[in-house]
Every structure is written in C-alpha cells, then in structure tokens.
file coords_4.json (JSON, C-alpha atoms)
[["chain", "number", "residue", "atom", "x", "y", "z"],
["K", 1, "MET", "CA", -24.13, 9.36, 8.01],
["K", 2, "SER", "CA", -27.16, 7.37, 6.93],
["K", 3, "GLU", "CA", -28.06, 4.26, 8.88],
["K", 4, "THR", "CA", -27.45, 1.90, 5.97],
["K", 5, "CYS", "CA", -24.62, 1.37, 3.50],
["K", 6, "GLU", "CA", -23.16, -1.06, 1.02],
["K", 7, "ILE", "CA", -19.50, -1.19, 0.02],
["K", 8, "SER", "CA", -17.05, -3.69, -1.51],
["K", 9, "PHE", "CA", -13.37, -4.26, -0.87],
["K", 10, "PRO", "CA", -11.08, -6.33, -3.11],
["K", 11, "ILE", "CA", -8.47, -8.65, -1.58],
["K", 12, "GLU", "CA", -5.48, -10.12, -3.42],
["K", 13, "GLY", "CA", -4.34, -13.60, -2.48],
["K", 14, "ASP", "CA", -0.93, -14.06, -0.87],
["K", 15, "ARG", "CA", -0.48, -10.37, -0.12],
["K", 16, "PHE", "CA", 0.22, -10.82, 3.58],
["K", 17, "GLU", "CA", 1.58, -7.29, 3.73],
["K", 18, "ASP", "CA", -2.02, -6.11, 3.23],
["K", 19, "ALA", "CA", -3.49, -8.43, 5.86],
["K", 20, "GLY", "CA", -5.95, -6.58, 8.08],
["K", 21, "LYS", "CA", -6.34, -3.50, 5.90],
["K", 22, "VAL", "CA", -9.88, -4.36, 4.80],
["K", 23, "SER", "CA", -10.90, -5.23, 8.36],
["K", 24, "VAL", "CA", -9.58, -1.94, 9.69],
["K", 25, "GLU", "CA", -11.56, -0.09, 6.98],
["K", 26, "VAL", "CA", -14.70, -2.09, 7.73],
["K", 27, "LYS", "CA", -14.40, -1.34, 11.42],
["K", 28, "LYS", "CA", -13.91, 2.38, 10.72],
["K", 29, "ILE", "CA", -17.09, 2.40, 8.61],
["K", 30, "LEU", "CA", -19.08, 0.48, 11.23],
["K", 31, "LYS", "CA", -17.93, 2.93, 13.90],
["K", 32, "THR", "CA", -19.79, 5.69, 12.08],
["K", 33, "PHE", "CA", -23.02, 3.84, 12.84],
["K", 34, "ASP", "CA", -24.75, 3.57, 16.16],
["K", 35, "ILE", "CA", -23.54, 0.02, 16.83],
["K", 36, "PRO", "CA", -22.67, -1.35, 20.30],
["K", 37, "ASN", "CA", -19.01, -2.15, 21.01],
["K", 38, "ASP", "CA", -19.54, -5.90, 21.37],
["K", 39, "ILE", "CA", -21.18, -6.05, 17.93],
["K", 40, "LEU", "CA", -18.32, -4.00, 16.45],
["K", 41, "ARG", "CA", -15.84, -6.39, 18.02],
["K", 42, "ARG", "CA", -17.58, -9.43, 16.54],
["K", 43, "ALA", "CA", -17.82, -7.86, 13.10],
["K", 44, "ALA", "CA", -14.12, -6.94, 13.18],
["K", 45, "ILE", "CA", -13.05, -10.47, 14.15],
["K", 46, "ALA", "CA", -15.28, -12.11, 11.52],
["K", 47, "THR", "CA", -14.01, -9.76, 8.80],
["K", 48, "TYR", "CA", -10.38, -10.19, 9.84],
["K", 49, "GLU", "CA", -10.52, -13.98, 9.81],
["K", 50, "SER", "CA", -12.27, -13.97, 6.42],
["K", 51, "GLU", "CA", -9.68, -11.59, 5.02],
["K", 52, "ILE", "CA", -6.81, -13.75, 6.26],
["K", 53, "ASN", "CA", -8.42, -16.83, 4.70],
["K", 54, "VAL", "CA", -8.61, -15.17, 1.28],
["K", 55, "ILE", "CA", -4.99, -13.99, 1.51],
["K", 56, "SER", "CA", -3.80, -17.38, 2.76],
["K", 57, "TYR", "CA", -5.63, -19.67, 0.36],
["K", 58, "ALA", "CA", -7.38, -17.91, -2.53],
["K", 59, "ILE", "CA", -6.24, -16.20, -5.71],
["K", 60, "ARG", "CA", -8.37, -13.17, -5.00],
["K", 61, "GLY", "CA", -11.62, -12.26, -3.34],
["K", 62, "THR", "CA", -14.05, -9.56, -2.31],
["K", 63, "VAL", "CA", -15.54, -8.48, 0.98],
["K", 64, "ASN", "CA", -19.01, -7.02, 0.56],
["K", 65, "LEU", "CA", -20.20, -5.11, 3.59],
["K", 66, "ARG", "CA", -23.84, -4.21, 3.89],
["K", 67, "VAL", "CA", -25.35, -2.48, 6.87],
["K", 68, "THR", "CA", -29.12, -2.41, 7.16],
["K", 69, "ASP", "CA", -31.34, -1.05, 9.90],
["K", 70, "ASP", "CA", -31.12, -4.25, 11.88],
["K", 71, "ARG", "CA", -28.19, -6.29, 10.55],
["K", 72, "ILE", "CA", -24.57, -6.26, 9.42],
["K", 73, "LEU", "CA", -24.05, -8.54, 6.42],
["K", 74, "ILE", "CA", -20.51, -9.50, 5.50],
["K", 75, "ASP", "CA", -20.21, -11.53, 2.31],
["K", 76, "VAL", "CA", -16.79, -12.82, 1.41],
["K", 77, "GLU", "CA", -16.41, -14.40, -2.01],
["K", 78, "ASP", "CA", -13.20, -15.74, -3.42],
["K", 79, "ILE", "CA", -11.80, -17.44, -6.47],
["K", 80, "GLY", "CA", -9.60, -20.25, -5.25],
["K", 81, "PRO", "CA", -9.24, -23.90, -4.37],
["K", 82, "GLY", "CA", -12.42, -24.05, -2.28],
["K", 83, "ILE", "CA", -12.96, -26.24, 0.77],
["K", 84, "SER", "CA", -13.36, -29.96, 0.13],
["K", 85, "ASP", "CA", -14.73, -30.86, 3.57],
["K", 86, "ILE", "CA", -16.48, -27.91, 5.20],
["K", 87, "GLU", "CA", -17.35, -29.81, 8.37],
["K", 88, "GLN", "CA", -13.69, -30.67, 8.91],
["K", 89, "ALA", "CA", -12.58, -27.10, 8.11],
["K", 90, "MET", "CA", -14.99, -25.78, 10.75],
["K", 91, "GLN", "CA", -13.33, -27.83, 13.48],
["K", 92, "GLN", "CA", -11.21, -25.88, 15.91],
["K", 93, "GLY", "CA", -7.53, -26.58, 15.26],
["K", 94, "TYR", "CA", -7.93, -28.08, 11.80],
["K", 95, "SER", "CA", -5.86, -26.26, 9.20],
["K", 96, "THR", "CA", -4.27, -26.89, 5.82],
["K", 97, "ALA", "CA", -1.88, -23.94, 6.24],
["K", 98, "ASN", "CA", 1.72, -24.39, 5.12],
["K", 99, "ASP", "CA", 4.78, -23.59, 7.24],
["K", 100, "ARG", "CA", 5.17, -20.11, 5.82],
["K", 101, "ILE", "CA", 1.64, -19.16, 6.88],
["K", 102, "ARG", "CA", 2.10, -20.73, 10.31],
["K", 103, "GLU", "CA", 5.39, -18.95, 10.95],
["K", 104, "MET", "CA", 3.51, -15.65, 10.76],
["K", 105, "GLY", "CA", 1.12, -16.83, 13.45],
["K", 106, "PHE", "CA", -1.73, -17.67, 11.08],
["K", 107, "GLY", "CA", -3.08, -21.11, 10.25],
["K", 108, "ALA", "CA", -3.97, -22.13, 13.78],
["K", 109, "GLY", "CA", -7.23, -23.64, 12.59],
["K", 110, "MET", "CA", -9.26, -21.03, 14.46],
["K", 111, "GLY", "CA", -10.47, -18.84, 11.61],
["K", 112, "LEU", "CA", -13.79, -20.36, 10.57],
["K", 113, "PHE", "CA", -14.47, -21.32, 14.18],
["K", 114, "ASN", "CA", -13.97, -17.69, 15.28],
["K", 115, "ILE", "CA", -16.18, -16.45, 12.45],
["K", 116, "LYS", "CA", -18.98, -18.81, 13.46],
["K", 117, "ASN", "CA", -18.66, -17.72, 17.08],
["K", 118, "CYS", "CA", -18.97, -14.08, 16.10],
["K", 119, "SER", "CA", -21.93, -14.52, 13.75],
["K", 120, "ASP", "CA", -25.64, -14.74, 14.39],
["K", 121, "THR", "CA", -25.97, -16.75, 11.21],
["K", 122, "PHE", "CA", -23.07, -18.13, 9.21],
["K", 123, "GLU", "CA", -23.17, -20.04, 5.95],
["K", 124, "ILE", "CA", -20.36, -21.42, 3.81],
["K", 125, "LEU", "CA", -20.80, -22.27, 0.16],
["K", 126, "SER", "CA", -17.77, -23.77, -1.50],
["K", 127, "GLU", "CA", -16.92, -25.53, -4.70],
["K", 128, "GLU", "CA", -13.55, -27.17, -5.18],
["K", 129, "TRP", "CA", -11.31, -25.45, -7.72],
["K", 130, "LYS", "CA", -13.80, -22.61, -8.02],
["K", 131, "GLY", "CA", -14.05, -20.74, -4.78],
["K", 132, "THR", "CA", -15.68, -20.10, -1.45],
["K", 133, "HIS", "CA", -18.47, -17.81, -0.36],
["K", 134, "LEU", "CA", -18.94, -16.93, 3.31],
["K", 135, "LYS", "CA", -22.24, -15.36, 4.34],
["K", 136, "ILE", "CA", -21.92, -13.75, 7.72],
["K", 137, "VAL", "CA", -24.82, -12.04, 9.43],
["K", 138, "ILE", "CA", -24.55, -10.15, 12.71],
["K", 139, "ASN", "CA", -27.61, -8.55, 14.23],
["K", 140, "ARG", "CA", -27.15, -4.89, 15.20],
["W", 141, "MET", "CA", -1.70, 2.92, 34.57],
["W", 142, "ASP", "CA", -0.30, 4.12, 31.27],
["W", 143, "LEU", "CA", 2.35, 2.73, 28.93],
["W", 144, "ALA", "CA", 4.92, 5.29, 30.08],
["W", 145, "PHE", "CA", 4.71, 3.82, 33.58],
["W", 146, "LEU", "CA", 5.37, 0.32, 32.21],
["W", 147, "VAL", "CA", 8.30, 1.59, 30.14],
["W", 148, "ASN", "CA", 9.87, 3.15, 33.24],
["W", 149, "GLN", "CA", 9.15, 0.33, 35.66],
["W", 150, "LEU", "CA", 10.15, -2.52, 33.36],
["W", 151, "ASP", "CA", 12.94, -0.85, 31.43],
["W", 152, "LEU", "CA", 11.26, -1.35, 28.06],
["W", 153, "THR", "CA", 12.78, 0.10, 24.91],
["W", 154, "VAL", "CA", 10.45, 2.17, 22.75],
["W", 155, "ARG", "CA", 10.74, 1.37, 19.05],
["W", 156, "CYS", "CA", 7.86, 3.54, 17.88],
["W", 157, "GLY", "CA", 4.82, 5.40, 19.18],
["W", 158, "GLY", "CA", 6.86, 7.25, 21.79],
["W", 159, "ASP", "CA", 4.35, 10.09, 21.61],
["W", 160, "ARG", "CA", 1.49, 7.72, 22.49],
["W", 161, "LEU", "CA", 2.75, 6.41, 25.82],
["W", 162, "ASP", "CA", -0.13, 8.10, 27.62],
["W", 163, "ARG", "CA", -2.40, 5.24, 26.53],
["W", 164, "GLU", "CA", -4.06, 3.46, 29.40],
["W", 165, "VAL", "CA", -3.24, -0.20, 30.04],
["W", 166, "SER", "CA", -6.21, -2.09, 31.46],
["W", 167, "GLY", "CA", -4.92, -5.63, 31.00],
["W", 168, "GLY", "CA", -2.74, -7.85, 28.89],
["W", 169, "HIS", "CA", -2.68, -10.74, 26.49],
["W", 170, "VAL", "CA", 0.17, -13.11, 25.68],
["W", 171, "GLY", "CA", 0.11, -14.94, 22.36],
["W", 172, "ASP", "CA", 1.71, -15.58, 19.01],
["W", 173, "LEU", "CA", -1.25, -17.13, 17.20],
["W", 174, "LEU", "CA", -3.06, -14.20, 15.65],
["W", 175, "SER", "CA", -6.47, -15.87, 15.66],
["W", 176, "ASN", "CA", -6.21, -16.49, 19.38],
["W", 177, "VAL", "CA", -5.21, -12.89, 19.95],
["W", 178, "MET", "CA", -8.12, -11.70, 17.82],
["W", 179, "ALA", "CA", -10.53, -13.88, 19.76],
["W", 180, "GLY", "CA", -9.12, -13.48, 23.24],
["W", 181, "SER", "CA", -7.61, -10.03, 23.72],
["W", 182, "GLY", "CA", -9.48, -6.88, 24.61],
["W", 183, "SER", "CA", -9.24, -3.16, 24.11],
["W", 184, "GLY", "CA", -6.71, -1.53, 26.41],
["W", 185, "ASP", "CA", -4.64, -4.71, 26.61],
["W", 186, "VAL", "CA", -0.93, -4.65, 26.16],
["W", 187, "TRP", "CA", -0.15, -7.47, 23.72],
["W", 188, "ILE", "CA", 2.95, -9.52, 24.52],
["W", 189, "THR", "CA", 4.27, -11.52, 21.57],
["W", 190, "CYS", "CA", 7.35, -12.75, 19.76],
["W", 191, "GLN", "CA", 5.84, -12.04, 16.32],
["W", 192, "THR", "CA", 7.69, -9.18, 14.66],
["W", 193, "HIS", "CA", 6.11, -8.95, 11.18],
["W", 194, "GLN", "CA", 3.82, -6.14, 10.12],
["W", 195, "ASN", "CA", 0.59, -8.14, 10.45],
["W", 196, "ILE", "CA", 0.70, -7.64, 14.21],
["W", 197, "VAL", "CA", -0.16, -3.97, 13.68],
["W", 198, "ALA", "CA", -3.56, -4.62, 12.09],
["W", 199, "VAL", "CA", -4.46, -6.99, 14.92],
["W", 200, "SER", "CA", -3.57, -4.34, 17.48],
["W", 201, "VAL", "CA", -5.50, -1.64, 15.63],
["W", 202, "LEU", "CA", -8.59, -3.84, 15.34],
["W", 203, "LYS", "CA", -8.46, -4.90, 18.98],
["W", 204, "GLU", "CA", -7.59, -1.37, 20.15],
["W", 205, "HIS", "CA", -4.65, -2.56, 22.20],
["W", 206, "ALA", "CA", -2.70, -0.06, 24.29],
["W", 207, "GLY", "CA", 0.49, -1.28, 22.61],
["W", 208, "ILE", "CA", 2.66, -4.25, 21.68],
["W", 209, "ILE", "CA", 5.61, -5.64, 23.64],
["W", 210, "LEU", "CA", 8.07, -7.86, 21.77],
["W", 211, "THR", "CA", 9.85, -10.36, 23.98],
["W", 212, "GLN", "CA", 13.28, -11.97, 24.24],
["W", 213, "GLY", "CA", 15.04, -9.08, 22.57],
["W", 214, "ARG", "CA", 13.20, -9.48, 19.30],
["W", 215, "GLU", "CA", 13.13, -6.40, 17.11],
["W", 216, "PRO", "CA", 10.22, -5.29, 14.91],
["W", 217, "GLU", "CA", 10.81, -5.49, 11.17],
["W", 218, "ALA", "CA", 11.24, -2.16, 9.39],
["W", 219, "ASP", "CA", 7.81, -2.26, 7.74],
["W", 220, "THR", "CA", 6.26, -3.17, 11.10],
["W", 221, "VAL", "CA", 7.67, 0.02, 12.62],
["W", 222, "GLU", "CA", 6.50, 2.02, 9.63],
["W", 223, "ARG", "CA", 2.96, 0.69, 9.78],
["W", 224, "ALA", "CA", 2.73, 0.98, 13.57],
["W", 225, "SER", "CA", 3.90, 4.58, 13.38],
["W", 226, "GLN", "CA", 1.21, 5.35, 10.80],
["W", 227, "GLU", "CA", -1.47, 3.73, 12.94],
["W", 228, "GLY", "CA", -0.22, 5.17, 16.22],
["W", 229, "ILE", "CA", 0.46, 1.82, 17.87],
["W", 230, "PRO", "CA", 3.43, 1.89, 20.28],
["W", 231, "ILE", "CA", 5.89, -0.99, 19.96],
["W", 232, "LEU", "CA", 8.10, -1.73, 22.95],
["W", 233, "VAL", "CA", 10.79, -4.36, 23.30],
["W", 234, "THR", "CA", 12.17, -6.27, 26.26],
["W", 235, "GLY", "CA", 14.91, -8.84, 26.74],
["W", 236, "LEU", "CA", 12.63, -10.79, 29.09],
["W", 237, "SER", "CA", 10.55, -13.82, 28.10],
["W", 238, "GLY", "CA", 6.79, -13.62, 27.65],
["W", 239, "PHE", "CA", 6.32, -15.38, 30.97],
["W", 240, "GLU", "CA", 8.53, -12.96, 32.88],
["W", 241, "ILE", "CA", 7.22, -9.74, 31.37],
["W", 242, "ALA", "CA", 3.59, -10.87, 31.73],
["W", 243, "GLY", "CA", 4.19, -11.71, 35.39],
["W", 244, "ARG", "CA", 5.71, -8.32, 36.09],
["W", 245, "ILE", "CA", 2.94, -6.43, 34.33],
["W", 246, "TYR", "CA", 0.31, -8.48, 36.14],
["W", 247, "ALA", "CA", 1.93, -7.62, 39.46],
["W", 248, "LEU", "CA", 1.86, -3.90, 38.59],
["W", 249, "LEU", "CA", -1.78, -4.07, 37.50],
["W", 250, "HIS", "CA", -2.86, -6.09, 40.55],
["W", 251, "PRO", "CA", -0.65, -4.93, 43.43]]

call {"tool": "encode", "arguments": {"input": "coords_4.json", "output": "structure tokens"}}
result
Amino acid sequence: MSETCEISFPIEGDRFEDAGKVSVEVKKILKTFDIPNDILRRAAIATYESEINVISYAIRGTVNLRVTDDRILIDVEDIGPGISDIEQAMQQGYSTANDRIREMGFGAGMGLFNIKNCSDTFEILSEEWKGTHLKIVINR
Amino acid sequence: MDLAFLVNQLDLTVRCGGDRLDREVSGGHVGDLLSNVMAGSGSGDVWITCQTHQNIVAVSVLKEHAGIILTQGREPEADTVERASQEGIPILVTGLSGFEIAGRIYALLHP
C-alpha cells in the first residue's frame, strides 16, 4: 500500500451500537502503514474518543483520516450542539453526559483530555448550535 | 500464561471465543469507565469489568486485549456475544468480584 491515504467515515449520533466501529477501521488502515505501535495506540485512542463524542452529543459527524509521509491527521466534524466552554470541557472529569450515557461507562469527562494527551497538536473549533470540529495531528 | 490456564485455574465460564483461549495474558486492567480503559490498559491485558453491553468489544479490539472477564456473575448481552464472536474476543464470566478475580490473576502472573 502507498505511504499516504485519505478516507472519510460517517458517524450517526446516538447509535451506541456502532460505537468503536470507525476507530477499529481506522486502526486497521493505519496498521497497513509502517507506523510504530505507540503511534498506532495514540491514534486509536484519539479516534475512539472523538467517535464516542459524536455518538454521545451530536446529530451526525464525519471522521476524516489523512496519512501523509510524516503525520496522521484526524479531523472530526459534527453537526450538533457544540461546546459552549471549551476550556471547561477540556478539564479532566468535566462532563455533560446524561445518566444513560454514564451507565454504559461513557461520560467520565476523560474524552477530550485523552485526545489531547494522544495528540502532537490538537485544536477544537466549536460553535454553539452548529457543531464541533476537532483537528488532531499525530506525528508518524 | 494463556487464557485457557486462567479458565482452568479460576473456574471461569466461557461465553464466547472458546477457540481463542490460546491467547497470551501479559497483564490485566480493572475498570468500568471506558475512557479509563482506553487510556490505561495495554495489549495482552485481560480486562475485568462489570459492563456487559456491546461497546466493550470495540474497546477490547482496539486495545488488543487477551479477553474480557465479567464479574459478579454478570452475563454479556446477546449482541455483545455476537459482536465478540465476530471479532474473536473471548468473554469469560466469574461469580467473583473485580477485586477478588484481579487479586487471583495477579498472583498467577506474579508467583
């Protein structure tokens, strides 16, 4: 396989039965590249947490994966309520998840924190009542 | 140490993945918060949890766990078994608590 690729995956909000499917696909694709295990692990965690966020909070979204010679770029865009206070949302343990989400073991307030930890650069753009765009970059 | 050894030693019941019990167990992780499990567990771990819904399978696949042990007699939901079977993730159940089963596995791993 070539050393670069670009591919998009749609995610439907509230479909918890699909949770993790995109991340598993992304990891399978990344495994076809010559990428060290620790980088794979970080990309999988960042994608998984982003995917869960879209399912938990948004109406729908898209994961765009792009692999270049030196970087893995994971862009996650959704249509949804957005994040009113990004700084607060980034704090470990802060969550707006409802009981149903929490009962499944999600909504611990670790998602964005985990994504940031796994990224080399991480940017959040969000507009209330429009949506959220995560820009995750991991160096290969 | 493989999963089959744990099944025999700890009297675990196999709910699926019985043909994959040759997977090596290198460690373990106890947790019910999926983000913590994503962040903290490693490949080859046996994951001990009381979560029974199908989302545990994707976490285990992504983290390349050896398998999942459900505690306190909890049973996996039907779609959890279906998905785990597709993905080749063994699910085992025990009547013991997370604390007890983790302690016993730790003792086997670090005699």

call {"tool": "closest_residue", "arguments": {"input": "coords_4.json", "among": "W:Glu240, W:Asp162, W:Asp185, W:Glu204", "to": "Val147 in chain W", "atoms": "all atoms listed in the file"}}
result
W:Asp162

call {"tool": "residues_around", "arguments": {"input": "coords_4.json", "residues": "Leu30 in chain K", "least_positions_apart": "4", "cutoff": "9 Å", "atoms": "only C-alpha atoms", "output": "PyMOL selection string"}}
result
chain K and resi 25-26+34-35+40+43+67+72

call {"tool": "atom_distance", "arguments": {"input": "coords_4.json", "atom1": "CA of Arg71 in chain K", "atom2": "CA of Ser56 in chain K"}}
result
27.9 Å

call {"tool": "atom_distance", "arguments": {"input": "coords_4.json", "atom1": "CA of Thr62 in chain K", "atom2": "CA of Phe16 in chain K"}}
result
15.5 Å

call {"tool": "interface_residues", "arguments": {"input": "coords_4.json", "of": "chain K", "to": "chain W", "cutoff": "12 Å", "atoms": "all atoms listed in the file", "output": "ChimeraX atom specification"}}
result
/K:15-28,31,37-38,40-53,92-93,101-118

call {"tool": "write_last_selection", "arguments": {"input": "coords_4.json", "atoms": "C-alpha atoms", "output": "compact mmCIF listing (two decimals), in the coordinates of the input"}}
result
# COMPACT_ATOMS: atom_id res chain seq x y z
CA ARG K 15 -0.48 -10.37 -0.12
CA PHE K 16 0.22 -10.82 3.58
CA GLU K 17 1.58 -7.29 3.73
CA ASP K 18 -2.02 -6.11 3.23
CA ALA K 19 -3.49 -8.43 5.86
CA GLY K 20 -5.95 -6.58 8.08
CA LYS K 21 -6.34 -3.50 5.90
CA VAL K 22 -9.88 -4.36 4.80
CA SER K 23 -10.90 -5.23 8.36
CA VAL K 24 -9.58 -1.94 9.69
CA GLU K 25 -11.56 -0.09 6.98
CA VAL K 26 -14.70 -2.09 7.73
CA LYS K 27 -14.40 -1.34 11.42
CA LYS K 28 -13.91 2.38 10.72
CA LYS K 31 -17.93 2.93 13.90
CA ASN K 37 -19.01 -2.15 21.01
CA ASP K 38 -19.54 -5.90 21.37
CA LEU K 40 -18.32 -4.00 16.45
CA ARG K 41 -15.84 -6.39 18.02
CA ARG K 42 -17.58 -9.43 16.54
CA ALA K 43 -17.82 -7.86 13.10
CA ALA K 44 -14.12 -6.94 13.18
CA ILE K 45 -13.05 -10.47 14.15
CA ALA K 46 -15.28 -12.11 11.52
CA THR K 47 -14.01 -9.76 8.80
CA TYR K 48 -10.38 -10.19 9.84
CA GLU K 49 -10.52 -13.98 9.81
CA SER K 50 -12.27 -13.97 6.42
CA GLU K 51 -9.68 -11.59 5.02
CA ILE K 52 -6.81 -13.75 6.26
CA ASN K 53 -8.42 -16.83 4.70
CA GLN K 92 -11.21 -25.88 15.91
CA GLY K 93 -7.53 -26.58 15.26
CA ILE K 101 1.64 -19.16 6.88
CA ARG K 102 2.10 -20.73 10.31
CA GLU K 103 5.39 -18.95 10.95
CA MET K 104 3.51 -15.65 10.76
CA GLY K 105 1.12 -16.83 13.45
CA PHE K 106 -1.73 -17.67 11.08
CA GLY K 107 -3.08 -21.11 10.25
CA ALA K 108 -3.97 -22.13 13.78
CA GLY K 109 -7.23 -23.64 12.59
CA MET K 110 -9.26 -21.03 14.46
CA GLY K 111 -10.47 -18.84 11.61
CA LEU K 112 -13.79 -20.36 10.57
CA PHE K 113 -14.47 -21.32 14.18
CA ASN K 114 -13.97 -17.69 15.28
CA ILE K 115 -16.18 -16.45 12.45
CA LYS K 116 -18.98 -18.81 13.46
CA ASN K 117 -18.66 -17.72 17.08
CA CYS K 118 -18.97 -14.08 16.10

call {"tool": "residues_around", "arguments": {"input": "coords_4.json", "residues": "Glu215 in chain W", "least_positions_apart": "5", "cutoff": "12 Å", "atoms": "all atoms listed in the file", "output": "PyMOL selection string"}}
result
chain W and resi 153-156+189-194+208-210+220-221+231-235

call {"tool": "residues_around", "arguments": {"input": "coords_4.json", "residues": "Asp14 in chain K", "least_positions_apart": "6", "cutoff": "9 Å", "atoms": "only C-alpha atoms", "output": "PyMOL selection string"}}
result
chain K and resi 54-60

call {"tool": "closest_residue", "arguments": {"input": "coords_4.json", "among": "W:Ala144, W:Val170, W:Pro230, W:Gly238", "to": "Gly207 in chain W", "atoms": "only C-alpha atoms"}}
result
W:Pro230

call {"tool": "atom_distance", "arguments": {"input": "coords_4.json", "atom1": "CA of Arg244 in chain W", "atom2": "CA of Glu227 in chain W"}}
result
27.1 Å

call {"tool": "residues_around", "arguments": {"input": "coords_4.json", "residues": "Asp69 in chain K", "least_positions_apart": "6", "cutoff": "9 Å", "atoms": "all atoms listed in the file", "output": "CSV table (one decimal) with C-alpha atoms, keeping the file's coordinate frame"}}
result
chain,number,residue,atom,x,y,z
K,3,GLU,CA,-28.1,4.3,8.9
K,4,THR,CA,-27.4,1.9,6.0
K,140,ARG,CA,-27.2,-4.9,15.2

call {"tool": "closest_residue", "arguments": {"input": "coords_4.json", "among": "W:Phe239, W:Leu143, W:Trp187, W:Gly157", "to": "Ser225 in chain W", "atoms": "all atoms listed in the file"}}
result
W:Gly157

call {"tool": "residues_around", "arguments": {"input": "coords_4.json", "residues": "Thr132 in chain K", "least_positions_apart": "5", "cutoff": "7 Å", "atoms": "all atoms listed in the file", "output": "ChimeraX atom specification"}}
result
/K:77-79,82,125-127

call {"tool": "write_last_selection", "arguments": {"input": "coords_4.json", "atoms": "C-alpha atoms", "output": "short mmCIF file (atom, residue, chain, number, x, y, z; two decimals), keeping the file's coordinate frame"}}
result
data_model
loop_
_atom_site.label_atom_id
_atom_site.label_comp_id
_atom_site.auth_asym_id
_atom_site.auth_seq_id
_atom_site.Cartn_x
_atom_site.Cartn_y
_atom_site.Cartn_z
CA GLU K 77 -16.41 -14.40 -2.01
CA ASP K 78 -13.20 -15.74 -3.42
CA ILE K 79 -11.80 -17.44 -6.47
CA GLY K 82 -12.42 -24.05 -2.28
CA LEU K 125 -20.80 -22.27 0.16
CA SER K 126 -17.77 -23.77 -1.50
CA GLU K 127 -16.92 -25.53 -4.70
#

call {"tool": "closest_residue", "arguments": {"input": "coords_4.json", "among": "K:Gly61, K:Ile29, K:Val76, K:Arg66", "to": "Gly13 in chain K", "atoms": "only C-alpha atoms"}}
result
K:Gly61

call {"tool": "closest_residue", "arguments": {"input": "coords_4.json", "among": "W:Asp151, W:Glu222, W:Asp159, W:Glu164", "to": "Gly184 in chain W", "atoms": "all atoms listed in the file"}}
result
W:Glu164

call {"tool": "closest_residue", "arguments": {"input": "coords_4.json", "among": "K:Arg100, K:Ile136, K:Asp120, K:Cys5", "to": "Leu73 in chain K", "atoms": "all atoms listed in the file"}}
result
K:Ile136

call {"tool": "axis_aligned_box", "arguments": {"input": "coords_4.json", "around": "range 168-176 of chain W", "padding_each_side": "5 Å", "output": "lines of an AutoDock Vina configuration file"}}
result
center_x = -2.4
center_y = -12.5
center_z = 22.3
size_x = 18.2
size_y = 19.3
size_z = 23.2

call {"tool": "decode", "arguments": {"input": "coords_4.json", "residues": "range 201-218 of chain W", "atoms": "N, CA and C atoms", "output": "compact mmCIF listing (two decimals), in the first residue's frame"}}
result
# COMPACT_ATOMS: atom_id res chain seq x y z
N VAL W 201 -11.03 -4.77 21.15
CA VAL W 201 -10.40 -4.95 19.84
C VAL W 201 -9.31 -3.88 19.66
N LEU W 202 -9.69 -2.62 19.97
CA LEU W 202 -8.74 -1.52 19.77
C LEU W 202 -7.51 -1.68 20.66
N LYS W 203 -7.72 -2.13 21.88
CA LYS W 203 -6.61 -2.23 22.82
C LYS W 203 -5.92 -3.60 22.74
N GLU W 204 -6.42 -4.46 21.85
CA GLU W 204 -5.82 -5.79 21.65
C GLU W 204 -5.69 -6.55 22.96
N HIS W 205 -6.78 -6.53 23.73
CA HIS W 205 -6.81 -7.30 24.97
C HIS W 205 -6.81 -8.79 24.67
N ALA W 206 -6.31 -9.58 25.64
CA ALA W 206 -6.38 -11.04 25.51
C ALA W 206 -7.84 -11.49 25.57
N GLY W 207 -8.61 -10.86 26.44
CA GLY W 207 -10.02 -11.21 26.58
C GLY W 207 -10.68 -10.35 27.64
N ILE W 208 -11.97 -10.60 27.86
CA ILE W 208 -12.74 -9.82 28.83
C ILE W 208 -13.29 -10.76 29.89
N ILE W 209 -13.20 -10.38 31.15
CA ILE W 209 -13.83 -11.15 32.22
C ILE W 209 -14.92 -10.29 32.86
N LEU W 210 -16.14 -10.80 32.85
CA LEU W 210 -17.25 -10.11 33.51
C LEU W 210 -17.38 -10.64 34.93
N THR W 211 -17.55 -9.72 35.87
CA THR W 211 -17.51 -10.09 37.28
C THR W 211 -18.90 -10.22 37.91
N GLN W 212 -18.91 -10.77 39.11
CA GLN W 212 -20.12 -10.86 39.94
C GLN W 212 -21.29 -11.54 39.23
N GLY W 213 -20.95 -12.51 38.41
CA GLY W 213 -21.99 -13.30 37.76
C GLY W 213 -22.74 -12.59 36.66
N ARG W 214 -22.21 -11.44 36.23
CA ARG W 214 -22.91 -10.72 35.16
C ARG W 214 -22.74 -11.47 33.85
N GLU W 215 -23.77 -11.42 33.04
CA GLU W 215 -23.76 -12.11 31.75
C GLU W 215 -23.70 -11.09 30.62
N PRO W 216 -22.95 -11.40 29.56
CA PRO W 216 -22.91 -10.49 28.41
C PRO W 216 -24.27 -10.44 27.73
N GLU W 217 -24.63 -9.28 27.18
CA GLU W 217 -25.87 -9.20 26.41
C GLU W 217 -25.70 -9.98 25.11
N ALA W 218 -26.83 -10.35 24.51
CA ALA W 218 -26.78 -11.20 23.31
C ALA W 218 -25.95 -10.56 22.19
